[in-house]
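Shown next: run_38.txt, given as compact mmCIF, C-alpha atoms.
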```
# COMPACT_ATOMS: atom_id res chain seq x y z
CA MET A 1 0.94 -51.02 -23.66
CA ILE A 2 3.53 -48.89 -25.43
CA ALA A 3 0.95 -47.61 -27.89
CA GLY A 4 -1.31 -46.50 -24.99
CA LYS A 5 1.35 -44.58 -23.09
CA PRO A 6 1.28 -41.18 -24.88
CA PRO A 7 -2.47 -40.63 -24.30
CA LEU A 8 -1.94 -41.29 -20.58
CA GLN A 9 0.82 -38.68 -20.41
CA GLN A 10 -1.32 -36.20 -22.31
CA SER A 11 -4.19 -36.76 -19.88
CA GLN A 12 -1.90 -36.18 -16.92
CA LEU A 13 -0.58 -33.00 -18.55
CA PHE A 14 -4.11 -31.62 -19.01
CA SER A 15 -4.89 -32.51 -15.38
CA LEU A 16 -1.79 -30.64 -14.16
CA LYS A 17 -2.61 -27.59 -16.26
CA GLY A 18 -6.14 -27.63 -14.93
CA SER A 19 -4.92 -27.72 -11.33
CA VAL A 20 -2.53 -24.80 -11.90
CA LEU A 21 -5.29 -22.79 -13.63
CA SER A 22 -7.68 -23.46 -10.73
CA LEU A 23 -5.10 -22.26 -8.18
CA SER A 24 -4.51 -19.09 -10.20
CA ILE A 25 -8.23 -18.34 -10.40
CA LEU A 26 -8.67 -18.85 -6.63
CA THR A 27 -5.76 -16.49 -5.93
CA LEU A 28 -7.18 -13.77 -8.21
CA ILE A 29 -10.61 -14.09 -6.60
CA SER A 30 -9.06 -13.81 -3.13
CA PHE A 31 -7.08 -10.65 -3.92
CA THR A 32 -10.08 -9.00 -5.56
CA TYR A 33 -12.37 -9.97 -2.66
CA PHE A 34 -10.22 -8.40 0.04
CA SER A 35 -9.63 -5.26 -2.04
CA PHE A 36 -13.31 -4.67 -2.73
CA LYS A 37 -14.40 -5.63 0.78
CA SER A 38 -13.48 -2.18 2.08
CA LEU A 39 -16.07 -0.65 -0.26
CA ARG A 40 -18.95 -2.55 1.34
CA PRO A 41 -18.16 -2.71 5.06
CA PRO A 42 -20.62 -3.47 7.85
CA LEU A 43 -20.84 -1.01 10.70
CA PRO A 44 -17.21 -0.13 11.51
CA PHE A 45 -17.48 -1.30 15.09
CA SER A 46 -18.87 -4.73 14.18
CA PRO A 47 -16.26 -6.13 11.78
CA PRO A 48 -16.62 -9.61 10.35
CA THR A 49 -14.57 -12.59 11.32
CA PRO A 50 -11.18 -12.45 9.57
CA GLN A 51 -11.07 -14.51 6.39
CA ILE A 52 -8.29 -16.78 5.23
CA THR A 53 -6.51 -15.38 2.18
CA LEU A 54 -5.86 -17.94 -0.53
CA LEU A 55 -2.21 -17.26 -1.26
CA PRO A 56 0.16 -19.54 -3.19
CA SER A 57 1.95 -22.06 -1.01
CA SER A 58 5.67 -22.61 -0.96
CA ALA A 59 7.14 -24.56 -3.83
CA THR A 60 8.64 -26.94 -1.32
CA GLY A 61 5.27 -28.32 -0.29
CA THR A 62 1.85 -27.50 1.12
CA ASN A 63 2.29 -28.64 4.70
CA THR A 64 3.06 -25.17 6.11
CA THR A 65 1.68 -25.66 9.61
CA THR A 66 3.91 -28.41 10.91
CA PRO A 67 6.27 -27.74 13.86
CA SER A 68 9.24 -28.08 11.51
CA GLN A 69 8.14 -24.99 9.53
CA PRO A 70 10.77 -22.22 10.01
CA ARG A 71 9.60 -19.20 11.99
CA ILE A 72 10.39 -15.56 11.36
CA VAL A 73 13.02 -14.58 13.91
CA ALA A 74 13.58 -10.94 14.82
CA GLU A 75 17.34 -10.80 14.68
CA LYS A 76 20.02 -9.02 12.75
CA LYS A 77 20.89 -10.79 9.53
CA GLU A 78 24.45 -10.33 8.37
CA GLY A 79 24.88 -8.90 4.91
CA ASN A 80 21.47 -7.15 4.89
CA VAL A 81 22.13 -3.68 6.19
CA GLY A 82 19.33 -2.01 8.08
CA GLU A 83 16.76 -4.74 7.68
CA GLU A 84 16.59 -5.82 11.29
CA GLN A 85 13.89 -4.89 13.76
CA GLU A 86 12.87 -6.25 17.09
CA ASP A 87 9.42 -7.69 16.78
CA ASN A 88 7.01 -9.31 19.16
CA ASP A 89 5.97 -12.63 17.64
CA ASP A 90 2.56 -12.30 19.30
CA ASP A 91 1.74 -9.41 16.95
CA PHE A 92 1.20 -11.90 14.17
CA PHE A 93 -1.57 -13.64 16.05
CA THR A 94 -3.84 -10.63 16.36
CA ASP A 95 -6.85 -10.02 14.17
CA ILE A 96 -5.44 -6.92 12.46
CA TYR A 97 -4.34 -9.34 9.71
CA HIS A 98 -6.73 -11.30 7.54
CA SER A 99 -4.61 -14.41 8.00
CA PRO A 100 -1.75 -13.87 10.47
CA LYS A 101 0.02 -17.21 10.11
CA LEU A 102 -0.19 -17.20 6.33
CA PHE A 103 1.17 -13.66 6.17
CA LYS A 104 4.04 -14.66 8.42
CA LEU A 105 5.00 -17.74 6.40
CA ASN A 106 4.71 -16.00 3.02
CA PHE A 107 6.70 -13.03 4.30
CA GLU A 108 9.49 -15.37 5.33
CA GLU A 109 9.49 -17.02 1.90
CA MET A 110 9.61 -13.60 0.25
CA GLU A 111 12.65 -12.56 2.30
CA LYS A 112 14.52 -15.67 1.22
CA LYS A 113 13.65 -15.79 -2.48
CA PHE A 114 12.29 -12.56 -3.97
CA LYS A 115 14.56 -10.72 -6.42
CA ILE A 116 13.97 -7.52 -8.40
CA TYR A 117 16.07 -6.20 -11.27
CA ILE A 118 16.35 -2.43 -11.69
CA TYR A 119 16.95 -1.23 -15.24
CA PRO A 120 20.22 0.76 -15.13
CA ASP A 121 19.40 2.93 -18.13
CA GLY A 122 18.89 6.68 -17.92
CA ASP A 123 20.87 9.60 -16.55
CA PRO A 124 20.33 9.84 -12.76
CA LYS A 125 20.73 13.62 -13.03
CA THR A 126 17.68 13.96 -15.26
CA PHE A 127 14.44 12.02 -14.84
CA TYR A 128 15.59 8.53 -13.99
CA GLN A 129 16.67 6.43 -11.03
CA THR A 130 15.96 8.75 -8.06
CA PRO A 131 13.29 11.34 -7.17
CA ARG A 132 14.35 14.78 -6.01
CA LYS A 133 13.79 14.40 -2.26
CA LEU A 134 12.39 12.25 0.53
CA THR A 135 9.93 14.80 1.90
CA GLY A 136 6.48 16.17 1.13
CA LYS A 137 3.72 14.63 -0.97
CA TYR A 138 6.17 12.50 -2.95
CA ALA A 139 8.13 11.11 0.01
CA SER A 140 6.78 7.58 -0.49
CA GLU A 141 8.04 7.54 -4.07
CA GLY A 142 11.46 8.80 -3.01
CA TYR A 143 11.80 6.34 -0.16
CA PHE A 144 10.91 3.38 -2.37
CA PHE A 145 13.52 4.34 -4.98
CA GLN A 146 16.16 4.60 -2.27
CA ASN A 147 15.05 1.55 -0.26
CA ILE A 148 15.06 -0.85 -3.21
CA ARG A 149 18.77 -0.16 -3.69
CA GLU A 150 19.49 -0.71 0.01
CA SER A 151 17.57 -3.96 0.31
CA ARG A 152 18.30 -7.66 -0.10
CA PHE A 153 15.71 -7.86 -2.88
CA ARG A 154 17.78 -6.18 -5.56
CA THR A 155 19.68 -8.38 -8.00
CA GLU A 156 22.21 -7.38 -10.64
CA ASP A 157 21.36 -10.49 -12.65
CA PRO A 158 18.14 -10.09 -14.67
CA ASP A 159 17.97 -13.86 -15.19
CA GLN A 160 17.42 -14.27 -11.42
CA ALA A 161 14.73 -11.58 -11.24
CA HIS A 162 11.09 -12.29 -10.50
CA LEU A 163 10.06 -8.71 -11.33
CA PHE A 164 11.61 -5.78 -13.22
CA PHE A 165 11.53 -2.21 -11.87
CA ILE A 166 11.18 0.66 -14.38
CA PRO A 167 12.93 3.49 -12.45
CA ILE A 168 11.44 6.61 -14.02
CA SER A 169 10.58 9.48 -11.67
CA CYS A 170 7.77 11.71 -12.88
CA HIS A 171 8.26 13.76 -9.72
CA LYS A 172 11.71 14.71 -10.93
CA MET A 173 10.23 15.88 -14.23
CA ARG A 174 7.84 18.19 -12.41
CA GLY A 175 10.77 19.73 -10.57
CA LYS A 176 12.25 20.69 -13.92
CA GLY A 177 9.00 22.28 -15.10
CA THR A 178 8.22 19.64 -17.72
CA SER A 179 4.66 19.76 -19.10
CA TYR A 180 2.39 16.72 -18.79
CA GLU A 181 2.42 16.25 -22.56
CA ASN A 182 6.23 16.16 -22.62
CA MET A 183 6.26 13.86 -19.58
CA THR A 184 4.18 11.34 -21.50
CA ILE A 185 6.57 11.52 -24.47
CA ILE A 186 9.58 11.02 -22.17
CA VAL A 187 8.00 7.98 -20.53
CA GLN A 188 7.04 6.54 -23.91
CA ASN A 189 10.54 7.01 -25.35
CA TYR A 190 12.22 5.59 -22.26
CA LEU A 191 10.04 2.49 -22.31
CA ASP A 192 10.51 2.01 -26.06
CA GLY A 193 14.26 2.10 -25.47
CA LEU A 194 14.08 -0.60 -22.79
CA ILE A 195 11.91 -2.83 -24.97
CA ALA A 196 14.32 -2.48 -27.91
CA LYS A 197 17.43 -3.08 -25.82
CA TYR A 198 16.30 -5.91 -23.52
CA PRO A 199 14.22 -9.07 -24.12
CA TYR A 200 12.40 -9.06 -20.76
CA TRP A 201 9.34 -6.92 -21.50
CA ASN A 202 8.34 -8.96 -24.55
CA ARG A 203 8.43 -12.25 -22.63
CA THR A 204 5.27 -11.29 -20.72
CA LEU A 205 4.27 -8.04 -22.51
CA GLY A 206 5.25 -6.21 -19.31
CA ALA A 207 3.23 -8.26 -16.83
CA ASP A 208 6.34 -8.83 -14.67
CA HIS A 209 7.35 -5.13 -14.76
CA PHE A 210 6.32 -2.38 -12.36
CA PHE A 211 6.75 1.34 -11.83
CA VAL A 212 6.20 3.54 -8.78
CA THR A 213 4.61 6.97 -8.67
CA CYS A 214 2.93 9.08 -6.03
CA HIS A 215 0.27 11.81 -6.25
CA ASP A 216 -1.20 13.17 -9.47
CA VAL A 217 1.93 13.91 -11.50
CA GLY A 218 2.89 10.31 -12.19
CA VAL A 219 -0.69 9.29 -12.84
CA ARG A 220 -1.21 11.99 -15.46
CA ALA A 221 2.20 11.43 -17.04
CA THR A 222 1.77 7.68 -17.47
CA GLU A 223 -1.90 7.51 -18.45
CA GLY A 224 -0.90 8.61 -21.93
CA VAL A 225 1.08 5.36 -22.33
CA PRO A 226 -1.79 2.84 -22.29
CA PHE A 227 0.24 -0.35 -22.86
CA LEU A 228 2.35 0.55 -19.79
CA VAL A 229 -0.68 1.23 -17.58
CA LYS A 230 -2.63 -1.81 -18.73
CA ASN A 231 0.19 -4.36 -18.72
CA ALA A 232 2.66 -3.40 -16.00
CA ILE A 233 2.01 -3.34 -12.25
CA ARG A 234 1.26 0.21 -11.13
CA VAL A 235 2.37 1.10 -7.59
CA VAL A 236 0.46 4.33 -7.02
CA CYS A 237 -0.74 6.63 -4.24
CA SER A 238 -4.10 7.21 -5.95
CA PRO A 239 -5.61 3.72 -6.26
CA SER A 240 -9.13 4.57 -7.37
CA TYR A 241 -11.35 1.92 -8.97
CA ASP A 242 -13.07 4.49 -11.18
CA VAL A 243 -9.88 5.59 -12.98
CA GLY A 244 -8.51 2.23 -14.08
CA PHE A 245 -6.86 0.89 -10.94
CA ILE A 246 -6.96 -2.94 -11.03
CA PRO A 247 -6.78 -4.36 -7.47
CA HIS A 248 -5.38 -7.82 -8.26
CA LYS A 249 -2.72 -6.31 -10.59
CA ASP A 250 -1.81 -2.90 -9.18
CA VAL A 251 -0.58 -1.95 -5.70
CA ALA A 252 -1.77 0.88 -3.45
CA LEU A 253 1.18 2.92 -2.21
CA PRO A 254 0.57 4.65 1.16
CA GLN A 255 1.10 8.40 0.90
CA VAL A 256 3.21 9.36 3.90
CA LEU A 257 4.33 12.93 4.63
CA GLN A 258 7.66 12.26 6.28
CA PRO A 259 9.43 13.31 8.36
CA PHE A 260 6.63 13.57 10.89
CA ALA A 261 6.68 16.77 12.92
CA LEU A 262 5.96 15.04 16.23
CA PRO A 263 6.49 11.56 17.73
CA ALA A 264 4.03 8.74 17.22
CA GLY A 265 0.92 8.76 19.41
CA GLY A 266 -0.81 5.82 21.01
CA ASN A 267 -1.80 4.26 24.32
CA ASP A 268 -3.16 7.66 25.32
CA VAL A 269 -6.92 7.13 25.17
CA GLU A 270 -7.56 9.23 28.26
CA ASN A 271 -6.18 12.34 26.48
CA ARG A 272 -8.49 12.02 23.48
CA THR A 273 -11.48 14.12 24.47
CA SER A 274 -12.48 15.53 21.06
CA LEU A 275 -14.88 13.37 19.01
CA GLY A 276 -13.72 14.16 15.46
CA PHE A 277 -11.32 16.45 13.57
CA TRP A 278 -10.64 17.62 10.03
CA ALA A 279 -9.01 20.74 8.60
CA GLY A 280 -8.16 21.24 4.96
CA HIS A 281 -8.97 22.76 1.60
CA ARG A 282 -12.31 22.22 -0.10
CA ASN A 283 -10.82 20.72 -3.28
CA SER A 284 -13.34 17.91 -3.73
CA LYS A 285 -17.10 17.47 -3.57
CA ILE A 286 -17.00 15.40 -0.39
CA ARG A 287 -14.87 18.01 1.39
CA VAL A 288 -17.29 20.77 0.39
CA ILE A 289 -20.20 18.76 1.84
CA LEU A 290 -18.24 17.88 4.99
CA ALA A 291 -17.43 21.52 5.70
CA ARG A 292 -20.93 22.76 4.87
CA VAL A 293 -22.71 20.21 7.08
CA TRP A 294 -20.39 20.08 10.11
CA GLU A 295 -18.29 23.27 10.15
CA ASN A 296 -20.30 24.87 12.95
CA ASP A 297 -20.89 21.72 14.99
CA THR A 298 -19.90 21.88 18.66
CA GLU A 299 -18.71 18.25 18.91
CA LEU A 300 -16.93 17.83 15.60
CA ASP A 301 -13.86 20.02 15.03
CA ILE A 302 -14.25 20.74 11.30
CA SER A 303 -12.29 23.62 9.71
CA ASN A 304 -12.79 24.92 6.19
CA ASN A 305 -9.06 25.56 5.63
CA ARG A 306 -5.72 24.33 6.84
CA ILE A 307 -4.85 25.68 10.27
CA SER A 308 -2.54 28.66 9.87
CA ARG A 309 0.92 28.45 11.39
CA ALA A 310 0.26 31.89 12.83
CA THR A 311 -2.12 30.32 15.37
CA GLY A 312 0.78 28.53 17.05
CA HIS A 313 3.55 25.99 16.63
CA LEU A 314 2.36 22.64 15.22
CA VAL A 315 -1.26 23.34 16.19
CA TYR A 316 -2.55 21.18 13.33
CA GLN A 317 -0.47 18.14 14.33
CA LYS A 318 -1.32 18.51 18.01
CA ARG A 319 -5.03 18.27 17.22
CA PHE A 320 -4.45 14.64 16.23
CA TYR A 321 -3.20 13.86 19.74
CA ARG A 322 -6.40 14.91 21.49
CA THR A 323 -8.93 13.52 18.99
CA LYS A 324 -10.57 10.10 18.89
CA PHE A 325 -11.52 10.00 15.21
CA CYS A 326 -9.76 11.88 12.41
CA ILE A 327 -11.85 12.42 9.28
CA CYS A 328 -10.04 11.51 6.03
CA PRO A 329 -12.08 12.62 2.99
CA GLY A 330 -10.60 12.24 -0.48
CA GLY A 331 -9.15 15.40 -2.04
CA SER A 332 -8.05 16.04 -5.62
CA GLN A 333 -7.32 12.29 -5.65
CA VAL A 334 -9.13 9.47 -3.87
CA ASN A 335 -6.34 9.14 -1.32
CA SER A 336 -5.32 11.47 1.50
CA ALA A 337 -2.08 11.78 3.44
CA ARG A 338 -4.25 12.40 6.50
CA ILE A 339 -4.78 8.66 6.72
CA THR A 340 -1.14 7.95 7.51
CA ASP A 341 -0.97 11.12 9.64
CA SER A 342 -3.88 9.78 11.68
CA ILE A 343 -2.24 6.37 12.04
CA HIS A 344 1.06 7.91 13.15
CA TYR A 345 -0.52 10.18 15.75
CA GLY A 346 -2.82 7.46 17.12
CA CYS A 347 -6.09 8.99 15.91
CA VAL A 348 -8.50 6.40 14.45
CA PRO A 349 -8.89 7.30 10.75
CA VAL A 350 -12.40 7.67 9.32
CA ILE A 351 -12.13 6.83 5.62
CA LEU A 352 -14.66 8.95 3.74
CA SER A 353 -13.89 8.17 0.12
CA ASN A 354 -15.53 5.98 -2.52
CA TYR A 355 -13.66 3.62 -4.87
CA TYR A 356 -10.52 3.64 -2.70
CA ASP A 357 -8.36 0.51 -2.55
CA LEU A 358 -6.76 1.01 0.86
CA PRO A 359 -3.02 0.28 1.16
CA PHE A 360 -2.24 -3.35 2.10
CA ASN A 361 -5.97 -4.09 2.09
CA ASP A 362 -5.50 -7.76 1.24
CA ILE A 363 -3.13 -8.17 4.21
CA LEU A 364 -4.54 -5.87 6.90
CA ASP A 365 -8.14 -5.90 8.11
CA TRP A 366 -8.77 -2.15 8.06
CA GLN A 367 -12.09 -2.52 9.84
CA LYS A 368 -10.16 -3.48 12.99
CA PHE A 369 -8.33 -0.12 13.26
CA ALA A 370 -10.32 2.32 11.12
CA VAL A 371 -13.88 3.43 10.42
CA ILE A 372 -14.69 2.92 6.74
CA LEU A 373 -17.68 4.87 5.40
CA ARG A 374 -19.24 5.72 2.07
CA GLU A 375 -19.26 9.36 1.05
CA SER A 376 -23.04 9.36 1.42
CA ASP A 377 -22.57 8.67 5.15
CA VAL A 378 -21.21 12.18 5.67
CA TYR A 379 -24.68 13.43 6.66
CA GLN A 380 -24.84 10.93 9.56
CA LEU A 381 -21.16 11.29 10.48
CA LYS A 382 -21.61 12.46 14.06
CA GLN A 383 -24.31 9.90 14.83
CA ILE A 384 -22.12 7.09 13.50
CA LEU A 385 -19.10 8.15 15.54
CA LYS A 386 -21.11 8.67 18.74
CA SER A 387 -22.67 5.22 18.37
CA ILE A 388 -19.21 3.62 18.76
CA SER A 389 -18.85 2.64 22.42
CA HIS A 390 -15.79 3.46 24.51
CA GLU A 391 -14.75 -0.20 24.54
CA GLU A 392 -15.01 -0.40 20.77
CA PHE A 393 -12.98 2.80 20.37
CA VAL A 394 -10.25 1.48 22.70
CA SER A 395 -10.04 -1.69 20.60
CA LEU A 396 -9.72 0.33 17.37
CA HIS A 397 -7.07 2.55 18.97
CA ASN A 398 -5.01 -0.34 20.32
CA ASN A 399 -5.07 -2.07 16.95
CA LEU A 400 -4.05 1.18 15.28
CA VAL A 401 -0.89 1.28 17.37
CA LYS A 402 -0.04 -2.23 16.17
CA VAL A 403 -0.14 -1.25 12.48
CA GLN A 404 1.88 1.98 12.81
CA LYS A 405 5.10 0.21 11.83
CA HIS A 406 3.57 -0.80 8.50
CA PHE A 407 3.05 2.87 7.50
CA GLN A 408 6.53 4.14 8.36
CA TRP A 409 9.34 4.59 5.82
CA ASN A 410 12.93 4.11 6.95
CA THR A 411 16.35 4.36 5.37
CA PRO A 412 17.77 1.82 5.33
CA PRO A 413 14.51 -0.17 5.32
CA VAL A 414 13.35 -1.99 8.46
CA LYS A 415 11.51 -5.31 8.57
CA PHE A 416 7.72 -4.95 8.28
CA ASP A 417 7.88 -1.21 7.48
CA ALA A 418 6.08 0.42 4.54
CA PHE A 419 8.77 -0.62 2.06
CA HIS A 420 8.58 -4.28 3.05
CA MET A 421 4.77 -4.22 2.91
CA VAL A 422 4.87 -2.86 -0.66
CA ILE A 423 7.47 -5.49 -1.59
CA TYR A 424 5.21 -8.16 -0.09
CA GLU A 425 2.32 -6.94 -2.24
CA LEU A 426 4.57 -7.21 -5.29
CA TRP A 427 5.59 -10.71 -4.21
CA LEU A 428 1.92 -11.71 -4.22
CA ARG A 429 1.45 -10.27 -7.71
CA HIS A 430 4.49 -12.21 -8.88
CA HIS A 431 2.77 -15.43 -7.78
CA VAL A 432 -0.32 -14.49 -9.78
CA ILE A 433 1.82 -13.86 -12.88
CA LYS A 434 3.72 -17.11 -12.36
CA TYR A 435 0.59 -19.21 -12.21
```
So that I can check it, write out the structure of this file as structure tokens.
Amino acid sequence: MIAGKPPLQQSQLFSLKGSVLSLSILTLISFTYFSFKSLRPPLPFSPPTPQITLLPSSATGTNTTTPSQPRIVAEKKEGNVGEEQEDNDDDFFTDIYHSPKLFKLNFEEMEKKFKIYIYPDGDPKTFYQTPRKLTGKYASEGYFFQNIRESRFRTEDPDQAHLFFIPISCHKMRGKGTSYENMTIIVQNYLDGLIAKYPYWNRTLGADHFFVTCHDVGVRATEGVPFLVKNAIRVVCSPSYDVGFIPHKDVALPQVLQPFALPAGGNDVENRTSLGFWAGHRNSKIRVILARVWENDTELDISNNRISRATGHLVYQKRFYRTKFCICPGGSQVNSARITDSIHYGCVPVILSNYYDLPFNDILDWQKFAVILRESDVYQLKQILKSISHEEFVSLHNNLVKVQKHFQWNTPPVKFDAFHMVIYELWLRHHVIKY
């Protein structure tokens, strides 16, 4: 009996490893499925039944649906400044989420356990630690850098950290007139210094590290450091499948132009009499086609250039208030800040961009509050929008109002806002790395 004991333990060990490997594979497949699902949607007004996301269960057990399971309570938590927000519990049981109950339970676990270590190295007055400002195209990057320091998720003890944040701001480099070539050298040297000084990168070859960058500057500055891009988690505003974005590894950062010029719209369907609206520069192929095909249409309000301020105060923003569907074609990058503008002003966004991993796509069911089209659908744009019934539009609009809080940055951060949604995405990636 004693001689037969080691083989039994070895068999059990292989069985355990096999179970863990199976769970990891299922999780990766789930993340990839929900990310790619937006590329092959059915008609936008006939979305599929929400699917259950296969996310890792709590380490304390798998019975997460019993009455004894703690619930998320919207109350002020002492010692966590600014992270309170009144919230209607019923919001979690709407179909804007792929799996409302699972999102709720995992979010609660994240709030209790998740810790991130920020490397302290680098002079804050140069390129490290904080972006230049919290406005414009890079506002999302700036807010994240500030929010992570204000949140409960930061830890000063690297041994407690689940993930490590590399706080280098390419936006700050641009403000100092640094060339892209020199940006790449700066990023490379900074990362080499961290690897030489600390043991954490080499433990996973950077798989538990992440960096945050918005718009084209950070993308171009970091793409010259391949082992950073391939190994670390990229949190970027330009999550395009055709330029190396990996959905189950990287995170799509919503590009938000804050502060918004006008209050949030919503619950104002009767005021939305215009069918569709877009105004902007023709800096991409899809925008050129959009303007050429629909610029002179009497039902679609399509302008070849940004609306001049000389035409009146906040004319561009006010167009969102009276429009049902706001067209969001990709520009110089696959993303567009018009998406979050549309969400804020209550105008149902029409995503007209290929290879785009929409922000929080594995949490939110975008087909319940947006119209997702291929670029080739631009020629049938008006027919598609007119085929959406009033009842279907009202449903999209009402759901849009429910997700507005997820695309809003705050300082200090507020529960379920854009910062917390990005942190939740990182929490999910941490589980993939762990398994």
Which stretch 171-277 of chain A residues have any atom within 10 Å of an atom of stretch 372-390 of chain A, and for each, what is the nearest pair of atoms with distance in Å to one decimal, counting only C-alpha atoms, rows sorted by chain and number, as JSON lines?
```
{"residue": "A:Val269", "atom": "CA", "partner": "A:His390", "partner_atom": "CA", "distance": 9.6}
{"residue": "A:Leu275", "atom": "CA", "partner": "A:Leu385", "partner_atom": "CA", "distance": 7.6}
{"residue": "A:Gly276", "atom": "CA", "partner": "A:Leu385", "partner_atom": "CA", "distance": 8.1}
```
Measuring atom to atom with only C-alpha atoms, identify which of A:Phe227, A:Tyr321, A:Phe393, A:Trp409 is nearest to A:Phe369.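 Selected residue with least distance to A:Phe369: A:Phe393.
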In Å, how far is it from atom CA of A:Ser99 to atom CA of A:Asn267? 25.0 Å
May I have the residues within 8 Å of A:Ala207 as a short mmCIF file (atom, residue, chain, number, x, y, z; two decimals) with C-alpha atoms, in the frame of the given file, using all atoms listed in the file and disregarding those fewer than 6 positions away in the same chain?
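Okay, part.cif is ready:
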```cif
data_model
loop_
_atom_site.label_atom_id
_atom_site.label_comp_id
_atom_site.auth_asym_id
_atom_site.auth_seq_id
_atom_site.Cartn_x
_atom_site.Cartn_y
_atom_site.Cartn_z
CA TRP A 201 9.34 -6.92 -21.50
CA ASN A 231 0.19 -4.36 -18.72
CA ALA A 232 2.66 -3.40 -16.00
CA ILE A 233 2.01 -3.34 -12.25
CA ILE A 433 1.82 -13.86 -12.88
#
```
Which stretch 271-382 of chain A residues have any atom within 8 Å of an atom of stretch 236-258 of chain A, and for each, what is the nearest pair of atoms with distance in Å to one decimal, counting only C-alpha atoms, rows sorted by chain and number, as JSON lines?
```
{"residue": "A:Gln333", "atom": "CA", "partner": "A:Ser238", "partner_atom": "CA", "distance": 6.0}
{"residue": "A:Val334", "atom": "CA", "partner": "A:Ser238", "partner_atom": "CA", "distance": 5.9}
{"residue": "A:Asn335", "atom": "CA", "partner": "A:Ser238", "partner_atom": "CA", "distance": 5.5}
{"residue": "A:Ser336", "atom": "CA", "partner": "A:Gln255", "partner_atom": "CA", "distance": 7.1}
{"residue": "A:Ala337", "atom": "CA", "partner": "A:Gln255", "partner_atom": "CA", "distance": 5.3}
{"residue": "A:Thr340", "atom": "CA", "partner": "A:Val256", "partner_atom": "CA", "distance": 5.8}
{"residue": "A:Asp341", "atom": "CA", "partner": "A:Val256", "partner_atom": "CA", "distance": 7.3}
{"residue": "A:Tyr355", "atom": "CA", "partner": "A:Tyr241", "partner_atom": "CA", "distance": 5.0}
{"residue": "A:Tyr356", "atom": "CA", "partner": "A:Ser240", "partner_atom": "CA", "distance": 5.0}
{"residue": "A:Asp357", "atom": "CA", "partner": "A:Pro239", "partner_atom": "CA", "distance": 5.6}
{"residue": "A:Leu358", "atom": "CA", "partner": "A:Ala252", "partner_atom": "CA", "distance": 6.6}
{"residue": "A:Pro359", "atom": "CA", "partner": "A:Ala252", "partner_atom": "CA", "distance": 4.8}
{"residue": "A:Phe360", "atom": "CA", "partner": "A:Ala252", "partner_atom": "CA", "distance": 7.0}
```
Print the selection's residues with C-alpha atoms to a file, as a compact mmCIF listing (two decimals), in the coordinates of the input.
```txt
# COMPACT_ATOMS: atom_id res chain seq x y z
CA GLN A 333 -7.32 12.29 -5.65
CA VAL A 334 -9.13 9.47 -3.87
CA ASN A 335 -6.34 9.14 -1.32
CA SER A 336 -5.32 11.47 1.50
CA ALA A 337 -2.08 11.78 3.44
CA THR A 340 -1.14 7.95 7.51
CA ASP A 341 -0.97 11.12 9.64
CA TYR A 355 -13.66 3.62 -4.87
CA TYR A 356 -10.52 3.64 -2.70
CA ASP A 357 -8.36 0.51 -2.55
CA LEU A 358 -6.76 1.01 0.86
CA PRO A 359 -3.02 0.28 1.16
CA PHE A 360 -2.24 -3.35 2.10
```
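Shell of A:Ala161 at 10 Å, with all atoms listed in the file counted and residues fewer than 4 places along the chain excluded, is Lys113, Phe114, Lys115, Ile116, Tyr117, Ile118, Phe153, Arg154, Thr155, Glu156, Asp157, Phe165 and Asp208 of chain A.
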Mind pulling up the distance from atom CA of A:His209 to atom CA of A:Leu228? 9.1 Å
